[in-house]
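Trainee: Quick one: this structure, given as structure tokens, is what I'll be asking you about.
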Amino acid sequence: MRLLPLLAVATLLSGCLFDKEPEVVRLSGETMGTTFNITAIGEDLDEAALAAAVEETLAEVNAKMSNWDPESEVSVFSASTSTAPVPVSDELALVLSAANDVHEKTGGTFDVTLGPLIELWGFGPRKPEDPVPSDPEIEAALSGVGQARLLTLDTEAGTLSKADPQVGINLSAIAKGYGIDAVAGALQDAGIADYLVEIGGDLVAKGKNEQGEAWRIGIEKPETGAQSIQLIVSLDDRGMASSGDYKNFFEQDGVRYSHIIDPTTGRPITHRTTSVTVLAENAMLADAWATAMLALGHEKGMDIAERYKLAVYFISRDVTGGEDAYITSHSTAFKDALGTN
């Protein structure tokens, strides 16, 4: 799914903490059906070498995680009708293990086997005249959803199996974050300690920006057709991801259907939470938790955020205040993160 883009905001304060003027390399391009932007800061940087390392890293991630590449590791597994355990790469096992953890902690609200419901509800291609799915169609699709029931990851043996030959895996809500972390790892391997890696609006930041200050990241207001900032967060050595329902939806017969589908009901979310931002130890977890928290909504999501000490910021529609009125709230860990960054 397409997550809410974030705006990187440069700090305009005077003074510089670097011993001498740092070199800045900026790289951008396309990957995973979206764009990436990277800022690396250091001394004696080799732009060509960094670009090659980033390109190689992203190619490796796509070769394992991409649902758009029929030859990728996850696509081959999804297409297979075998229910026997098959070897999986360490990278895919890592992502699926993290997905299993979020799945369990959310009571199944985060689910990488969501594909049948995404297809049923028409996210992607959808024609205005396509009917809203019927209850029997939703029930039929739900039979193919449920990663705890349908997927078995054996981390010791390094294998993955499916209980139903038709089961597939969609990593769109976690693989982008993993890709961000992988690129960050490549930068660190090149000796770079100050960087910002952003893919499709989600990101990880470490060290300082070119002014020698903490990276400052803007959380976008959930306004269709506009782009303004709700809140600015200082970020260092954290992943950050946002998920919103206000840019990808359809309306039929006066009813608004979000692209965020609750795997426990088989239907798009109907609560008032419209945007969620998560800070985490890496971008992979921020990516997954942002999607999960938006599916859960503020009330259920906040309970889970407090239980597991997750840094989460919710923006919800204020139904009493008009079309562009919102209510914001945050978990204790999010407040603590703002105070320590």
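By convention in this document, the chains of the structure tokens carry letters A, B, ... by their order, each chain's residues are numbered from 1, and ligands are numbered from 1 in the order they are shown.
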So that I can check the surroundings of Ala184 in chain A, please list as a PyMOL selection string every protein, DNA and RNA residue that reaches within 9 Å of it, counting only C-alpha atoms and ignoring chain neighbours fewer than 4 positions away.
Mentor: chain A and resi 54+179-180+188-189+195-197+204-206
Trainee: Just checking: using only C-alpha atoms, which residue out of A:Leu310, A:Ala214, A:Leu203, A:Ile269 ends up closest to Trp289 in chain A?
Mentor: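 The shortest atom-to-atom distance to Trp289 in chain A comes from A:Leu310.
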Trainee: For each of A:Gly144, A:Gly168, A:Pro131, A:Gly218, take the minimum atom-to-atom distance to Ser75 in chain A, counting only C-alpha atoms, then give the residue where this is smallest.
Mentor: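 When distances to Ser75 in chain A are compared using only C-alpha atoms, the smallest one comes from A:Gly168.
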Trainee: Select, from A:Ser316, A:Thr81, A:Thr264, A:Ser134, the residue with the minimum atom-to-atom distance to Gln147 in chain A, counting only C-alpha atoms.
Mentor: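 Looking only at the distances to Gln147 in chain A, the closest residue turns out to be A:Thr264.
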Trainee: Contacts of range 106-119 of chain A at 10 Å or less, counting only C-alpha atoms, minus same-chain residues fewer than 4 places along, as a PyMOL selection string?
Mentor: chain A and resi 1+78+96+99-102+123-126+133+137-148+150-151+166-174+259-268+288-296+300-301+304-305
Trainee: Distance table requested - range 139-234 of chain A against range 240-244 of chain A, cut-off 10 Å, only C-alpha atoms: one row per qualifying residue with the closest atom pair and its distance in Å to one decimal, ordered by chain and rising residue number, as CSV.
Mentor:
residue,atom,partner,partner_atom,distance
A:Ala173,CA,A:Ser243,CA,9.5
A:Gly177,CA,A:Ala241,CA,8.1
A:Glu198,CA,A:Met240,CA,9.4
A:Ile199,CA,A:Ala241,CA,9.9
A:Gly200,CA,A:Ala241,CA,9.5
A:Gly201,CA,A:Ala241,CA,7.2
A:Asp202,CA,A:Ala241,CA,4.5
A:Leu203,CA,A:Met240,CA,5.4
A:Val204,CA,A:Met240,CA,6.1
A:Ala205,CA,A:Met240,CA,8.4
A:Ile217,CA,A:Met240,CA,9.0
A:Ile219,CA,A:Ser242,CA,7.9
A:Glu220,CA,A:Ser242,CA,8.9
A:Lys221,CA,A:Gly244,CA,9.9
A:Pro222,CA,A:Gly244,CA,7.3
A:Val233,CA,A:Met240,CA,9.8
Trainee: How would the residues just picked look written out with N, CA, C and O atoms as a short mmCIF file (atom, residue, chain, number, x, y, z; two decimals), in the first residue's frame?
Mentor:
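In the end it all went to out.cif:
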data_model
loop_
_atom_site.label_atom_id
_atom_site.label_comp_id
_atom_site.auth_asym_id
_atom_site.auth_seq_id
_atom_site.Cartn_x
_atom_site.Cartn_y
_atom_site.Cartn_z
N ALA A 173 3.44 -3.82 3.23
CA ALA A 173 3.37 -3.03 4.46
C ALA A 173 4.58 -3.20 5.36
O ALA A 173 4.58 -2.68 6.48
N GLY A 177 10.05 -0.75 4.46
CA GLY A 177 10.84 -0.40 5.64
C GLY A 177 12.12 -1.21 5.71
O GLY A 177 13.19 -0.67 6.05
N GLU A 198 15.10 7.75 2.71
CA GLU A 198 13.65 7.81 2.60
C GLU A 198 13.18 7.06 1.36
O GLU A 198 13.74 7.24 0.28
N ILE A 199 12.21 6.19 1.53
CA ILE A 199 11.58 5.50 0.41
C ILE A 199 10.07 5.63 0.56
O ILE A 199 9.50 5.20 1.57
N GLY A 200 9.44 6.26 -0.41
CA GLY A 200 7.99 6.38 -0.40
C GLY A 200 7.42 7.06 0.83
O GLY A 200 6.30 6.77 1.25
N GLY A 201 8.19 7.97 1.44
CA GLY A 201 7.69 8.71 2.59
C GLY A 201 8.12 8.15 3.93
O GLY A 201 8.08 8.85 4.93
N ASP A 202 8.52 6.89 3.98
CA ASP A 202 9.02 6.31 5.22
C ASP A 202 10.54 6.45 5.24
O ASP A 202 11.18 6.52 4.19
N LEU A 203 11.14 6.44 6.43
CA LEU A 203 12.56 6.79 6.47
C LEU A 203 13.25 6.29 7.71
O LEU A 203 12.63 5.86 8.68
N VAL A 204 14.58 6.39 7.68
CA VAL A 204 15.41 6.21 8.84
C VAL A 204 16.46 7.32 8.81
O VAL A 204 16.94 7.70 7.74
N ALA A 205 16.77 7.87 9.98
CA ALA A 205 17.75 8.94 10.07
C ALA A 205 18.75 8.61 11.16
O ALA A 205 18.40 8.03 12.19
N ILE A 217 11.91 16.15 10.83
CA ILE A 217 11.00 15.52 9.89
C ILE A 217 9.58 16.01 10.13
O ILE A 217 9.12 16.06 11.28
N ILE A 219 5.53 15.72 9.86
CA ILE A 219 4.37 14.83 9.69
C ILE A 219 3.29 15.62 8.96
O ILE A 219 2.88 16.70 9.40
N GLU A 220 2.82 15.09 7.86
CA GLU A 220 1.88 15.80 7.00
C GLU A 220 0.48 15.82 7.58
O GLU A 220 0.01 14.84 8.17
N LYS A 221 -0.20 16.94 7.42
CA LYS A 221 -1.62 17.03 7.79
C LYS A 221 -2.43 16.17 6.82
O LYS A 221 -2.15 16.13 5.62
N PRO A 222 -3.45 15.50 7.31
CA PRO A 222 -4.25 14.60 6.46
C PRO A 222 -5.29 15.35 5.64
O PRO A 222 -6.50 15.18 5.84
N VAL A 233 9.22 16.54 13.99
CA VAL A 233 9.86 15.63 14.92
C VAL A 233 11.37 15.63 14.66
O VAL A 233 11.80 15.54 13.51
#
Trainee: Using only C-alpha atoms, determine which residues lie at most 8 Å from range 326-336 of chain A, disregarding the query and same-chain residues fewer than 3 positions distant; provide the list as number ranges by chain.
Mentor: A: 279, 302, 305-306, 309-318, 321, 339-340
Trainee: Print the selection's residues with C-alpha atoms to a file, as a PDB file, in the first residue's frame.
Mentor:
ATOM      1  CA  LEU A 279       8.808   5.871  15.531  1.00  0.00           C
ATOM      2  CA  MET A 302      -3.460   3.275  21.767  1.00  0.00           C
ATOM      3  CA  ALA A 305       0.904   1.107  21.909  1.00  0.00           C
ATOM      4  CA  GLU A 306       0.918   1.579  25.670  1.00  0.00           C
ATOM      5  CA  LYS A 309       5.691   0.858  24.702  1.00  0.00           C
ATOM      6  CA  LEU A 310       5.367   1.872  21.049  1.00  0.00           C
ATOM      7  CA  ALA A 311       5.895   5.478  19.946  1.00  0.00           C
ATOM      8  CA  VAL A 312       2.713   6.300  18.014  1.00  0.00           C
ATOM      9  CA  TYR A 313       1.049   9.555  16.931  1.00  0.00           C
ATOM     10  CA  PHE A 314      -2.621   9.452  15.867  1.00  0.00           C
ATOM     11  CA  ILE A 315      -4.580  11.987  13.829  1.00  0.00           C
ATOM     12  CA  SER A 316      -8.351  11.402  13.828  1.00  0.00           C
ATOM     13  CA  ARG A 317     -11.262  13.219  12.249  1.00  0.00           C
ATOM     14  CA  ASP A 318     -13.248  15.444  14.594  1.00  0.00           C
ATOM     15  CA  GLY A 321     -15.619  20.303  13.984  1.00  0.00           C
ATOM     16  CA  GLY A 339      11.657  14.842  24.674  1.00  0.00           C
ATOM     17  CA  THR A 340      14.870  12.928  24.080  1.00  0.00           C
TER      18      THR A 340
END
Trainee: What are the DSSP strand (DSSP E) residues of range 148-220 of chain A, as a PyMOL selection string?
Mentor: chain A and resi 151-154+159-162+194-199+202-206+215-220
Trainee: Export N, CA and C atoms of the chosen residues as a PDB file, in the first residue's frame?
Mentor:
ATOM      1  N   LEU A 151       0.572 -19.858   7.404  1.00  0.00           N
ATOM      2  CA  LEU A 151       2.013 -19.853   7.141  1.00  0.00           C
ATOM      3  C   LEU A 151       2.758 -20.401   8.349  1.00  0.00           C
ATOM      4  N   THR A 152       3.790 -21.184   8.078  1.00  0.00           N
ATOM      5  CA  THR A 152       4.646 -21.696   9.146  1.00  0.00           C
ATOM      6  C   THR A 152       6.092 -21.364   8.816  1.00  0.00           C
ATOM      7  N   LEU A 153       6.668 -20.499   9.625  1.00  0.00           N
ATOM      8  CA  LEU A 153       8.071 -20.128   9.469  1.00  0.00           C
ATOM      9  C   LEU A 153       8.879 -20.862  10.524  1.00  0.00           C
ATOM     10  N   ASP A 154       9.813 -21.689  10.078  1.00  0.00           N
ATOM     11  CA  ASP A 154      10.705 -22.404  10.980  1.00  0.00           C
ATOM     12  C   ASP A 154      12.062 -21.703  10.923  1.00  0.00           C
ATOM     13  N   THR A 159      13.068 -22.529   6.972  1.00  0.00           N
ATOM     14  CA  THR A 159      12.082 -22.922   5.964  1.00  0.00           C
ATOM     15  C   THR A 159      10.751 -22.212   6.195  1.00  0.00           C
ATOM     16  N   LEU A 160       9.950 -22.198   5.139  1.00  0.00           N
ATOM     17  CA  LEU A 160       8.615 -21.606   5.175  1.00  0.00           C
ATOM     18  C   LEU A 160       7.669 -22.546   4.445  1.00  0.00           C
ATOM     19  N   SER A 161       6.478 -22.715   4.993  1.00  0.00           N
ATOM     20  CA  SER A 161       5.480 -23.559   4.323  1.00  0.00           C
ATOM     21  C   SER A 161       4.115 -22.901   4.426  1.00  0.00           C
ATOM     22  N   LYS A 162       3.212 -23.356   3.564  1.00  0.00           N
ATOM     23  CA  LYS A 162       1.845 -22.840   3.566  1.00  0.00           C
ATOM     24  C   LYS A 162       0.882 -24.006   3.781  1.00  0.00           C
ATOM     25  N   ASP A 194      26.270   9.860   9.272  1.00  0.00           N
ATOM     26  CA  ASP A 194      25.206  10.867   9.227  1.00  0.00           C
ATOM     27  C   ASP A 194      24.452  10.701   7.912  1.00  0.00           C
ATOM     28  N   TYR A 195      23.181  10.319   8.001  1.00  0.00           N
ATOM     29  CA  TYR A 195      22.439  10.078   6.766  1.00  0.00           C
ATOM     30  C   TYR A 195      20.942  10.099   7.020  1.00  0.00           C
ATOM     31  N   LEU A 196      20.209  10.280   5.927  1.00  0.00           N
ATOM     32  CA  LEU A 196      18.755  10.159   5.913  1.00  0.00           C
ATOM     33  C   LEU A 196      18.395   9.320   4.694  1.00  0.00           C
ATOM     34  N   VAL A 197      17.665   8.229   4.915  1.00  0.00           N
ATOM     35  CA  VAL A 197      17.217   7.357   3.826  1.00  0.00           C
ATOM     36  C   VAL A 197      15.697   7.347   3.827  1.00  0.00           C
ATOM     37  N   GLU A 198      15.104   7.749   2.711  1.00  0.00           N
ATOM     38  CA  GLU A 198      13.646   7.813   2.603  1.00  0.00           C
ATOM     39  C   GLU A 198      13.182   7.062   1.364  1.00  0.00           C
ATOM     40  N   ILE A 199      12.209   6.190   1.529  1.00  0.00           N
ATOM     41  CA  ILE A 199      11.581   5.500   0.413  1.00  0.00           C
ATOM     42  C   ILE A 199      10.069   5.630   0.564  1.00  0.00           C
ATOM     43  N   ASP A 202       8.515   6.887   3.977  1.00  0.00           N
ATOM     44  CA  ASP A 202       9.023   6.308   5.219  1.00  0.00           C
ATOM     45  C   ASP A 202      10.536   6.446   5.240  1.00  0.00           C
ATOM     46  N   LEU A 203      11.139   6.440   6.428  1.00  0.00           N
ATOM     47  CA  LEU A 203      12.559   6.787   6.466  1.00  0.00           C
ATOM     48  C   LEU A 203      13.254   6.294   7.715  1.00  0.00           C
ATOM     49  N   VAL A 204      14.576   6.389   7.675  1.00  0.00           N
ATOM     50  CA  VAL A 204      15.411   6.214   8.843  1.00  0.00           C
ATOM     51  C   VAL A 204      16.458   7.317   8.813  1.00  0.00           C
ATOM     52  N   ALA A 205      16.769   7.866   9.980  1.00  0.00           N
ATOM     53  CA  ALA A 205      17.749   8.943  10.072  1.00  0.00           C
ATOM     54  C   ALA A 205      18.754   8.609  11.160  1.00  0.00           C
ATOM     55  N   LYS A 206      19.990   8.997  10.920  1.00  0.00           N
ATOM     56  CA  LYS A 206      21.038   8.759  11.908  1.00  0.00           C
ATOM     57  C   LYS A 206      22.020   9.920  11.899  1.00  0.00           C
ATOM     58  N   TRP A 215      18.210  15.653  12.540  1.00  0.00           N
ATOM     59  CA  TRP A 215      17.296  15.647  11.397  1.00  0.00           C
ATOM     60  C   TRP A 215      15.901  16.018  11.884  1.00  0.00           C
ATOM     61  N   ARG A 216      15.252  16.896  11.147  1.00  0.00           N
ATOM     62  CA  ARG A 216      13.909  17.333  11.523  1.00  0.00           C
ATOM     63  C   ARG A 216      12.938  16.912  10.421  1.00  0.00           C
ATOM     64  N   ILE A 217      11.914  16.154  10.828  1.00  0.00           N
ATOM     65  CA  ILE A 217      10.997  15.521   9.887  1.00  0.00           C
ATOM     66  C   ILE A 217       9.582  16.014  10.133  1.00  0.00           C
ATOM     67  N   GLY A 218       8.904  16.379   9.060  1.00  0.00           N
ATOM     68  CA  GLY A 218       7.537  16.877   9.183  1.00  0.00           C
ATOM     69  C   GLY A 218       6.509  15.778   8.977  1.00  0.00           C
ATOM     70  N   ILE A 219       5.525  15.715   9.863  1.00  0.00           N
ATOM     71  CA  ILE A 219       4.371  14.830   9.688  1.00  0.00           C
ATOM     72  C   ILE A 219       3.288  15.619   8.959  1.00  0.00           C
ATOM     73  N   GLU A 220       2.817  15.086   7.865  1.00  0.00           N
ATOM     74  CA  GLU A 220       1.882  15.800   7.002  1.00  0.00           C
ATOM     75  C   GLU A 220       0.476  15.821   7.583  1.00  0.00           C
TER      76      GLU A 220
END
